Amino acid sequence: MQYVTYQRKFAIRHALISALFIIAGFVLIGDVIFGENSPLQTFYFSSAAFLSFWFIGRLFVWNIIRAFGSNVLFGFDESGIKTESGEHLPWKEIQTIQLVAPGINKWIQPTPSYYDLKMHNGQRHKIYTYSLLKHQENDILKMLRKTWNERKSLSKKQIK
């Protein structure tokens, strides 16, 4: 089994950077509560604090979990892909493998990068990388597709 892992230092660095934004949000809330501000300043500081929690809070949680959890995102071998949750996805059941870049969801919150596996039965499986693989995401995608193509063609030959 070949495991796809990330360096824990990336998760720690991302967590520390996002913690700075969270702390700045708490400082702004403290200034709203204990400071003598005009209504415009109160609105400005409150909205800035809310936005720091809204956008960065989710990133902070992801990276704290990744900093202290296992650094294995998933594994794969000749039989298929084994997800972090222990689910096994055989190569012959996978229809497509794509890398989805990080973005913003409909609630205007960040979404992490992930590998999107479309199965023959119509289901989709997402394997999140949380942007912790840095520049390796495309290389791992190529390796996954290569292994998938080899194993998919082997299973078709075995059926004939």
# chains A, B, ... in the order shown; residues from 1 in each chain; ligands from 1
$ residues_around --residues "segment 141-148 of chain A" --least-positions-apart "3" --cutoff "9 Å" --atoms "only C-alpha atoms" --output "list in words"
Phe76, Asp77, Glu78, Gly80, Trp91, Lys92, Ile94, Thr96, Ile97, Gln98, Leu99, Tyr115, Gln136, Glu137, Asn138, Arg151, Lys152 and Ser153 of chain A
$ residues_around --residues "segment 100-103 of chain A" --least-positions-apart "2" --cutoff "9 Å" --atoms "only C-alpha atoms" --output "list in words"
Gln98, Asn105, Gln109, Pro110, Thr111, Pro112, Ser113, Tyr114, Tyr115, Asp116, Tyr130 and Ser131 of chain A
$ write_last_selection --atoms "all heavy atoms" --output "mmCIF file, in the first residue's frame"
data_model
loop_
_atom_site.group_PDB
_atom_site.id
_atom_site.type_symbol
_atom_site.label_atom_id
_atom_site.label_comp_id
_atom_site.auth_asym_id
_atom_site.auth_seq_id
_atom_site.Cartn_x
_atom_site.Cartn_y
_atom_site.Cartn_z
ATOM 1 N N GLN A 98 -10.533 13.242 -10.761
ATOM 2 C CA GLN A 98 -10.234 14.649 -11.043
ATOM 3 C C GLN A 98 -9.729 15.324 -9.783
ATOM 4 O O GLN A 98 -10.084 14.928 -8.668
ATOM 5 C CB GLN A 98 -11.476 15.381 -11.515
ATOM 6 C CG GLN A 98 -12.030 14.904 -12.825
ATOM 7 C CD GLN A 98 -13.312 15.633 -13.189
ATOM 8 O OE1 GLN A 98 -13.989 16.195 -12.333
ATOM 9 N NE2 GLN A 98 -13.649 15.613 -14.471
ATOM 10 N N ASN A 105 -17.583 28.101 -1.392
ATOM 11 C CA ASN A 105 -18.868 27.429 -1.563
ATOM 12 C C ASN A 105 -20.012 28.446 -1.628
ATOM 13 O O ASN A 105 -19.784 29.655 -1.613
ATOM 14 C CB ASN A 105 -19.098 26.387 -0.463
ATOM 15 C CG ASN A 105 -19.269 26.997 0.915
ATOM 16 O OD1 ASN A 105 -19.411 28.200 1.088
ATOM 17 N ND2 ASN A 105 -19.250 26.147 1.921
ATOM 18 N N GLN A 109 -17.801 30.481 1.946
ATOM 19 C CA GLN A 109 -16.785 29.963 2.847
ATOM 20 C C GLN A 109 -15.786 29.165 2.032
ATOM 21 O O GLN A 109 -16.129 28.618 0.980
ATOM 22 C CB GLN A 109 -17.399 29.066 3.920
ATOM 23 C CG GLN A 109 -18.166 29.827 4.967
ATOM 24 C CD GLN A 109 -18.593 28.916 6.090
ATOM 25 O OE1 GLN A 109 -19.084 27.823 5.859
ATOM 26 N NE2 GLN A 109 -18.402 29.367 7.307
ATOM 27 N N PRO A 110 -14.553 29.077 2.506
ATOM 28 C CA PRO A 110 -13.545 28.354 1.735
ATOM 29 C C PRO A 110 -13.830 26.851 1.685
ATOM 30 O O PRO A 110 -14.363 26.275 2.638
ATOM 31 C CB PRO A 110 -12.247 28.636 2.494
ATOM 32 C CG PRO A 110 -12.674 29.014 3.862
ATOM 33 C CD PRO A 110 -14.016 29.642 3.743
ATOM 34 N N THR A 111 -13.512 26.240 0.563
ATOM 35 C CA THR A 111 -13.585 24.787 0.424
ATOM 36 C C THR A 111 -12.184 24.291 0.099
ATOM 37 O O THR A 111 -11.468 24.917 -0.675
ATOM 38 C CB THR A 111 -14.551 24.364 -0.690
ATOM 39 O OG1 THR A 111 -14.137 24.957 -1.913
ATOM 40 C CG2 THR A 111 -15.969 24.782 -0.380
ATOM 41 N N PRO A 112 -11.784 23.174 0.684
ATOM 42 C CA PRO A 112 -10.431 22.675 0.438
ATOM 43 C C PRO A 112 -10.329 21.980 -0.917
ATOM 44 O O PRO A 112 -11.336 21.624 -1.528
ATOM 45 C CB PRO A 112 -10.229 21.674 1.576
ATOM 46 C CG PRO A 112 -11.599 21.168 1.872
ATOM 47 C CD PRO A 112 -12.508 22.344 1.652
ATOM 48 N N SER A 113 -9.116 21.775 -1.361
ATOM 49 C CA SER A 113 -8.909 21.008 -2.584
ATOM 50 C C SER A 113 -9.184 19.537 -2.283
ATOM 51 O O SER A 113 -9.040 19.082 -1.147
ATOM 52 C CB SER A 113 -7.486 21.192 -3.094
ATOM 53 O OG SER A 113 -6.557 20.814 -2.113
ATOM 54 N N TYR A 114 -9.602 18.805 -3.312
ATOM 55 C CA TYR A 114 -9.900 17.391 -3.120
ATOM 56 C C TYR A 114 -9.823 16.643 -4.440
ATOM 57 O O TYR A 114 -9.878 17.236 -5.516
ATOM 58 C CB TYR A 114 -11.281 17.184 -2.477
ATOM 59 C CG TYR A 114 -12.451 17.715 -3.259
ATOM 60 C CD1 TYR A 114 -13.114 16.922 -4.183
ATOM 61 C CD2 TYR A 114 -12.913 19.012 -3.071
ATOM 62 C CE1 TYR A 114 -14.200 17.410 -4.901
ATOM 63 C CE2 TYR A 114 -13.995 19.506 -3.777
ATOM 64 C CZ TYR A 114 -14.633 18.696 -4.688
ATOM 65 O OH TYR A 114 -15.693 19.173 -5.399
ATOM 66 N N TYR A 115 -9.653 15.331 -4.310
ATOM 67 C CA TYR A 115 -9.729 14.455 -5.472
ATOM 68 C C TYR A 115 -11.165 13.967 -5.562
ATOM 69 O O TYR A 115 -11.707 13.429 -4.609
ATOM 70 C CB TYR A 115 -8.775 13.260 -5.337
ATOM 71 C CG TYR A 115 -7.327 13.670 -5.368
ATOM 72 C CD1 TYR A 115 -6.545 13.659 -4.228
ATOM 73 C CD2 TYR A 115 -6.738 14.073 -6.555
ATOM 74 C CE1 TYR A 115 -5.222 14.038 -4.259
ATOM 75 C CE2 TYR A 115 -5.406 14.464 -6.601
ATOM 76 C CZ TYR A 115 -4.663 14.437 -5.443
ATOM 77 O OH TYR A 115 -3.350 14.828 -5.482
ATOM 78 N N ASP A 116 -11.772 14.175 -6.711
ATOM 79 C CA ASP A 116 -13.160 13.785 -6.939
ATOM 80 C C ASP A 116 -13.161 12.484 -7.732
ATOM 81 O O ASP A 116 -12.699 12.448 -8.872
ATOM 82 C CB ASP A 116 -13.892 14.890 -7.700
ATOM 83 C CG ASP A 116 -15.371 14.625 -7.848
ATOM 84 O OD1 ASP A 116 -15.909 13.793 -7.087
ATOM 85 O OD2 ASP A 116 -15.994 15.239 -8.725
ATOM 86 N N TYR A 130 -6.900 19.300 1.597
ATOM 87 C CA TYR A 130 -6.811 20.511 2.413
ATOM 88 C C TYR A 130 -5.655 21.412 1.984
ATOM 89 O O TYR A 130 -5.100 22.139 2.792
ATOM 90 C CB TYR A 130 -6.684 20.154 3.895
ATOM 91 C CG TYR A 130 -7.842 19.350 4.389
ATOM 92 C CD1 TYR A 130 -7.751 17.967 4.491
ATOM 93 C CD2 TYR A 130 -9.043 19.949 4.705
ATOM 94 C CE1 TYR A 130 -8.830 17.215 4.933
ATOM 95 C CE2 TYR A 130 -10.121 19.210 5.144
ATOM 96 C CZ TYR A 130 -10.002 17.838 5.249
ATOM 97 O OH TYR A 130 -11.063 17.108 5.672
ATOM 98 N N SER A 131 -5.254 21.316 0.727
ATOM 99 C CA SER A 131 -4.157 22.106 0.155
ATOM 100 C C SER A 131 -2.845 21.900 0.907
ATOM 101 O O SER A 131 -1.977 22.766 0.903
ATOM 102 C CB SER A 131 -4.520 23.594 0.141
ATOM 103 O OG SER A 131 -5.695 23.794 -0.600
#
$ select_by_dssp --residues "chain A" --states "strand (DSSP E or B)" --output "ChimeraX atom specification"
/A:2-5,72-76,80-83,88-90,94-100,103-104,110-111,114-119,124-128
$ write_last_selection --atoms "N, CA, C and O atoms" --output "compact mmCIF listing (two decimals), in the first residue's frame"
# COMPACT_ATOMS: atom_id res chain seq x y z
N GLN A 2 0.64 2.10 -0.94
CA GLN A 2 1.35 3.37 -1.02
C GLN A 2 0.46 4.45 -0.40
O GLN A 2 -0.69 4.61 -0.79
N TYR A 3 1.01 5.17 0.58
CA TYR A 3 0.22 6.17 1.28
C TYR A 3 0.58 7.57 0.80
O TYR A 3 1.74 7.88 0.55
N VAL A 4 -0.44 8.41 0.68
CA VAL A 4 -0.25 9.81 0.33
C VAL A 4 -0.30 10.60 1.64
O VAL A 4 -1.32 10.61 2.33
N THR A 5 0.83 11.19 1.99
CA THR A 5 0.95 11.93 3.24
C THR A 5 1.37 13.37 2.96
O THR A 5 1.80 13.70 1.86
N VAL A 72 -1.69 10.90 7.12
CA VAL A 72 -2.04 10.09 5.95
C VAL A 72 -3.39 10.56 5.42
O VAL A 72 -4.38 10.56 6.14
N LEU A 73 -3.43 10.98 4.16
CA LEU A 73 -4.68 11.40 3.55
C LEU A 73 -5.44 10.22 2.97
O LEU A 73 -6.65 10.11 3.12
N PHE A 74 -4.74 9.34 2.28
CA PHE A 74 -5.32 8.11 1.72
C PHE A 74 -4.19 7.22 1.25
O PHE A 74 -3.02 7.62 1.21
N GLY A 75 -4.53 6.00 0.89
CA GLY A 75 -3.56 5.06 0.36
C GLY A 75 -4.13 4.35 -0.85
O GLY A 75 -5.34 4.31 -1.06
N PHE A 76 -3.24 3.80 -1.67
CA PHE A 76 -3.70 3.04 -2.83
C PHE A 76 -2.71 1.94 -3.14
O PHE A 76 -1.53 2.02 -2.81
N GLY A 80 -7.07 -0.98 -5.25
CA GLY A 80 -7.88 0.23 -5.25
C GLY A 80 -7.37 1.28 -4.29
O GLY A 80 -6.23 1.23 -3.82
N ILE A 81 -8.24 2.21 -3.95
CA ILE A 81 -7.92 3.33 -3.07
C ILE A 81 -8.57 3.07 -1.72
O ILE A 81 -9.74 2.71 -1.63
N LYS A 82 -7.79 3.27 -0.67
CA LYS A 82 -8.32 3.16 0.69
C LYS A 82 -8.36 4.56 1.28
O LYS A 82 -7.32 5.21 1.43
N THR A 83 -9.56 5.05 1.60
CA THR A 83 -9.71 6.41 2.11
C THR A 83 -9.31 6.49 3.57
O THR A 83 -9.10 5.47 4.23
N HIS A 88 -12.85 1.23 1.08
CA HIS A 88 -12.04 0.72 -0.04
C HIS A 88 -12.80 0.95 -1.35
O HIS A 88 -13.94 0.52 -1.49
N LEU A 89 -12.15 1.61 -2.30
CA LEU A 89 -12.74 1.90 -3.60
C LEU A 89 -11.94 1.16 -4.67
O LEU A 89 -10.83 1.57 -5.01
N PRO A 90 -12.48 0.05 -5.21
CA PRO A 90 -11.75 -0.71 -6.23
C PRO A 90 -11.56 0.10 -7.51
O PRO A 90 -12.42 0.90 -7.89
N ILE A 94 -14.18 2.78 -10.43
CA ILE A 94 -13.94 4.22 -10.61
C ILE A 94 -14.07 4.58 -12.08
O ILE A 94 -13.46 3.95 -12.94
N GLN A 95 -14.88 5.59 -12.36
CA GLN A 95 -15.09 6.04 -13.74
C GLN A 95 -14.13 7.17 -14.11
O GLN A 95 -13.55 7.16 -15.18
N THR A 96 -13.99 8.18 -13.24
CA THR A 96 -13.08 9.29 -13.49
C THR A 96 -12.42 9.72 -12.18
O THR A 96 -12.97 9.54 -11.10
N ILE A 97 -11.22 10.29 -12.33
CA ILE A 97 -10.49 10.86 -11.20
C ILE A 97 -10.12 12.28 -11.59
O ILE A 97 -9.47 12.49 -12.61
N GLN A 98 -10.53 13.24 -10.76
CA GLN A 98 -10.23 14.65 -11.04
C GLN A 98 -9.73 15.32 -9.78
O GLN A 98 -10.08 14.93 -8.67
N LEU A 99 -8.93 16.36 -9.98
CA LEU A 99 -8.49 17.20 -8.88
C LEU A 99 -9.30 18.48 -8.92
O LEU A 99 -9.35 19.16 -9.95
N VAL A 100 -9.96 18.81 -7.82
CA VAL A 100 -10.75 20.03 -7.74
C VAL A 100 -9.98 21.02 -6.87
O VAL A 100 -9.62 20.71 -5.73
N GLY A 103 -11.67 26.54 -3.37
CA GLY A 103 -12.53 27.62 -3.84
C GLY A 103 -13.44 28.13 -2.73
O GLY A 103 -13.13 28.01 -1.55
N ILE A 104 -14.57 28.65 -3.14
CA ILE A 104 -15.56 29.21 -2.22
C ILE A 104 -16.88 28.50 -2.47
O ILE A 104 -17.30 28.33 -3.61
N PRO A 110 -14.55 29.08 2.51
CA PRO A 110 -13.54 28.35 1.74
C PRO A 110 -13.83 26.85 1.69
O PRO A 110 -14.36 26.28 2.64
N THR A 111 -13.51 26.24 0.56
CA THR A 111 -13.58 24.79 0.42
C THR A 111 -12.18 24.29 0.10
O THR A 111 -11.47 24.92 -0.67
N TYR A 114 -9.60 18.80 -3.31
CA TYR A 114 -9.90 17.39 -3.12
C TYR A 114 -9.82 16.64 -4.44
O TYR A 114 -9.88 17.24 -5.52
N TYR A 115 -9.65 15.33 -4.31
CA TYR A 115 -9.73 14.46 -5.47
C TYR A 115 -11.16 13.97 -5.56
O TYR A 115 -11.71 13.43 -4.61
N ASP A 116 -11.77 14.18 -6.71
CA ASP A 116 -13.16 13.78 -6.94
C ASP A 116 -13.16 12.48 -7.73
O ASP A 116 -12.70 12.45 -8.87
N LEU A 117 -13.68 11.43 -7.11
CA LEU A 117 -13.75 10.13 -7.76
C LEU A 117 -15.19 9.85 -8.13
O LEU A 117 -16.05 9.74 -7.26
N LYS A 118 -15.46 9.78 -9.42
CA LYS A 118 -16.80 9.45 -9.88
C LYS A 118 -16.85 7.95 -10.14
O LYS A 118 -16.00 7.41 -10.86
N MET A 119 -17.83 7.30 -9.54
CA MET A 119 -17.94 5.85 -9.64
C MET A 119 -18.90 5.48 -10.78
O MET A 119 -19.70 6.29 -11.23
N ARG A 124 -20.23 9.74 -5.97
CA ARG A 124 -18.99 10.51 -6.00
C ARG A 124 -18.34 10.40 -4.63
O ARG A 124 -19.01 10.47 -3.60
N HIS A 125 -17.04 10.23 -4.64
CA HIS A 125 -16.27 10.21 -3.40
C HIS A 125 -15.26 11.34 -3.46
O HIS A 125 -14.56 11.50 -4.46
N LYS A 126 -15.19 12.10 -2.39
CA LYS A 126 -14.24 13.20 -2.30
C LYS A 126 -13.15 12.83 -1.30
O LYS A 126 -13.45 12.47 -0.17
N ILE A 127 -11.92 12.93 -1.76
CA ILE A 127 -10.77 12.71 -0.88
C ILE A 127 -10.09 14.06 -0.71
O ILE A 127 -9.41 14.55 -1.62
N TYR A 128 -10.29 14.68 0.45
CA TYR A 128 -9.80 16.04 0.69
C TYR A 128 -8.29 16.04 0.93
O TYR A 128 -7.77 15.20 1.64
$ atom_distance --atom1 "atom CA of Gly57 of chain A" --atom2 "atom CA of Trp107 of chain A"
13.7 Å
$ atom_distance --atom1 "atom CA of Asn149 of chain A" --atom2 "atom CA of Ser85 of chain A"
24.2 Å
$ closest_residue --among "A:Phe68, A:Phe50, A:Phe21, A:Phe34" --to "Lys9 of chain A" --atoms "only C-alpha atoms"
A:Phe68
$ residues_around --residues "Trp62 of chain A" --least-positions-apart "3" --cutoff "9 Å" --atoms "only C-alpha atoms" --output "list of chain:residue names"
A:Ala11, A:Ala15, A:Gly57, A:Arg58, A:Leu59, A:Ile65, A:Arg66, A:Ala67, A:Tyr130
$ write_last_selection --atoms "all heavy atoms" --output "mmCIF file, in the first residue's frame"
data_model
loop_
_atom_site.group_PDB
_atom_site.id
_atom_site.type_symbol
_atom_site.label_atom_id
_atom_site.label_comp_id
_atom_site.auth_asym_id
_atom_site.auth_seq_id
_atom_site.Cartn_x
_atom_site.Cartn_y
_atom_site.Cartn_z
ATOM 1 N N ALA A 11 0.604 22.006 7.918
ATOM 2 C CA ALA A 11 -0.629 22.151 8.689
ATOM 3 C C ALA A 11 -0.405 23.066 9.887
ATOM 4 O O ALA A 11 -1.254 23.909 10.204
ATOM 5 C CB ALA A 11 -1.130 20.788 9.142
ATOM 6 N N ALA A 15 -2.186 26.622 10.427
ATOM 7 C CA ALA A 15 -2.958 26.823 11.658
ATOM 8 C C ALA A 15 -2.488 28.074 12.400
ATOM 9 O O ALA A 15 -3.309 28.847 12.917
ATOM 10 C CB ALA A 15 -2.851 25.598 12.559
ATOM 11 N N GLY A 57 -12.046 30.909 10.246
ATOM 12 C CA GLY A 57 -12.368 29.931 11.286
ATOM 13 C C GLY A 57 -12.383 28.503 10.780
ATOM 14 O O GLY A 57 -11.859 27.585 11.413
ATOM 15 N N ARG A 58 -12.965 28.306 9.624
ATOM 16 C CA ARG A 58 -13.039 26.968 9.032
ATOM 17 C C ARG A 58 -11.644 26.448 8.671
ATOM 18 O O ARG A 58 -11.315 25.285 8.913
ATOM 19 C CB ARG A 58 -13.916 27.051 7.791
ATOM 20 C CG ARG A 58 -14.452 25.764 7.339
ATOM 21 C CD ARG A 58 -15.552 25.991 6.338
ATOM 22 N NE ARG A 58 -15.986 24.700 5.849
ATOM 23 C CZ ARG A 58 -16.782 24.530 4.831
ATOM 24 N NH1 ARG A 58 -17.270 25.575 4.202
ATOM 25 N NH2 ARG A 58 -17.121 23.340 4.443
ATOM 26 N N LEU A 59 -10.806 27.304 8.121
ATOM 27 C CA LEU A 59 -9.432 26.923 7.805
ATOM 28 C C LEU A 59 -8.663 26.563 9.068
ATOM 29 O O LEU A 59 -7.881 25.616 9.090
ATOM 30 C CB LEU A 59 -8.719 28.063 7.073
ATOM 31 C CG LEU A 59 -9.264 28.455 5.715
ATOM 32 C CD1 LEU A 59 -8.579 29.712 5.219
ATOM 33 C CD2 LEU A 59 -9.084 27.328 4.735
ATOM 34 N N ILE A 65 -6.924 20.146 13.166
ATOM 35 C CA ILE A 65 -7.181 18.702 13.097
ATOM 36 C C ILE A 65 -6.051 18.011 12.348
ATOM 37 O O ILE A 65 -5.568 16.954 12.763
ATOM 38 C CB ILE A 65 -8.547 18.431 12.429
ATOM 39 C CG1 ILE A 65 -9.672 18.893 13.352
ATOM 40 C CG2 ILE A 65 -8.701 16.954 12.090
ATOM 41 C CD1 ILE A 65 -11.043 18.891 12.701
ATOM 42 N N ARG A 66 -5.607 18.584 11.248
ATOM 43 C CA ARG A 66 -4.529 17.987 10.453
ATOM 44 C C ARG A 66 -3.186 18.062 11.175
ATOM 45 O O ARG A 66 -2.333 17.209 10.996
ATOM 46 C CB ARG A 66 -4.401 18.685 9.098
ATOM 47 C CG ARG A 66 -5.586 18.524 8.239
ATOM 48 C CD ARG A 66 -5.701 17.114 7.719
ATOM 49 N NE ARG A 66 -7.092 16.812 7.525
ATOM 50 C CZ ARG A 66 -7.693 15.717 7.958
ATOM 51 N NH1 ARG A 66 -7.047 14.811 8.596
ATOM 52 N NH2 ARG A 66 -8.967 15.524 7.759
ATOM 53 N N ALA A 67 -2.950 19.092 11.980
ATOM 54 C CA ALA A 67 -1.675 19.233 12.684
ATOM 55 C C ALA A 67 -1.513 18.164 13.759
ATOM 56 O O ALA A 67 -0.395 17.707 14.024
ATOM 57 C CB ALA A 67 -1.566 20.627 13.303
ATOM 58 N N TYR A 130 -6.900 19.300 1.597
ATOM 59 C CA TYR A 130 -6.811 20.511 2.413
ATOM 60 C C TYR A 130 -5.655 21.412 1.984
ATOM 61 O O TYR A 130 -5.100 22.139 2.792
ATOM 62 C CB TYR A 130 -6.684 20.154 3.895
ATOM 63 C CG TYR A 130 -7.842 19.350 4.389
ATOM 64 C CD1 TYR A 130 -7.751 17.967 4.491
ATOM 65 C CD2 TYR A 130 -9.043 19.949 4.705
ATOM 66 C CE1 TYR A 130 -8.830 17.215 4.933
ATOM 67 C CE2 TYR A 130 -10.121 19.210 5.144
ATOM 68 C CZ TYR A 130 -10.002 17.838 5.249
ATOM 69 O OH TYR A 130 -11.063 17.108 5.672
#
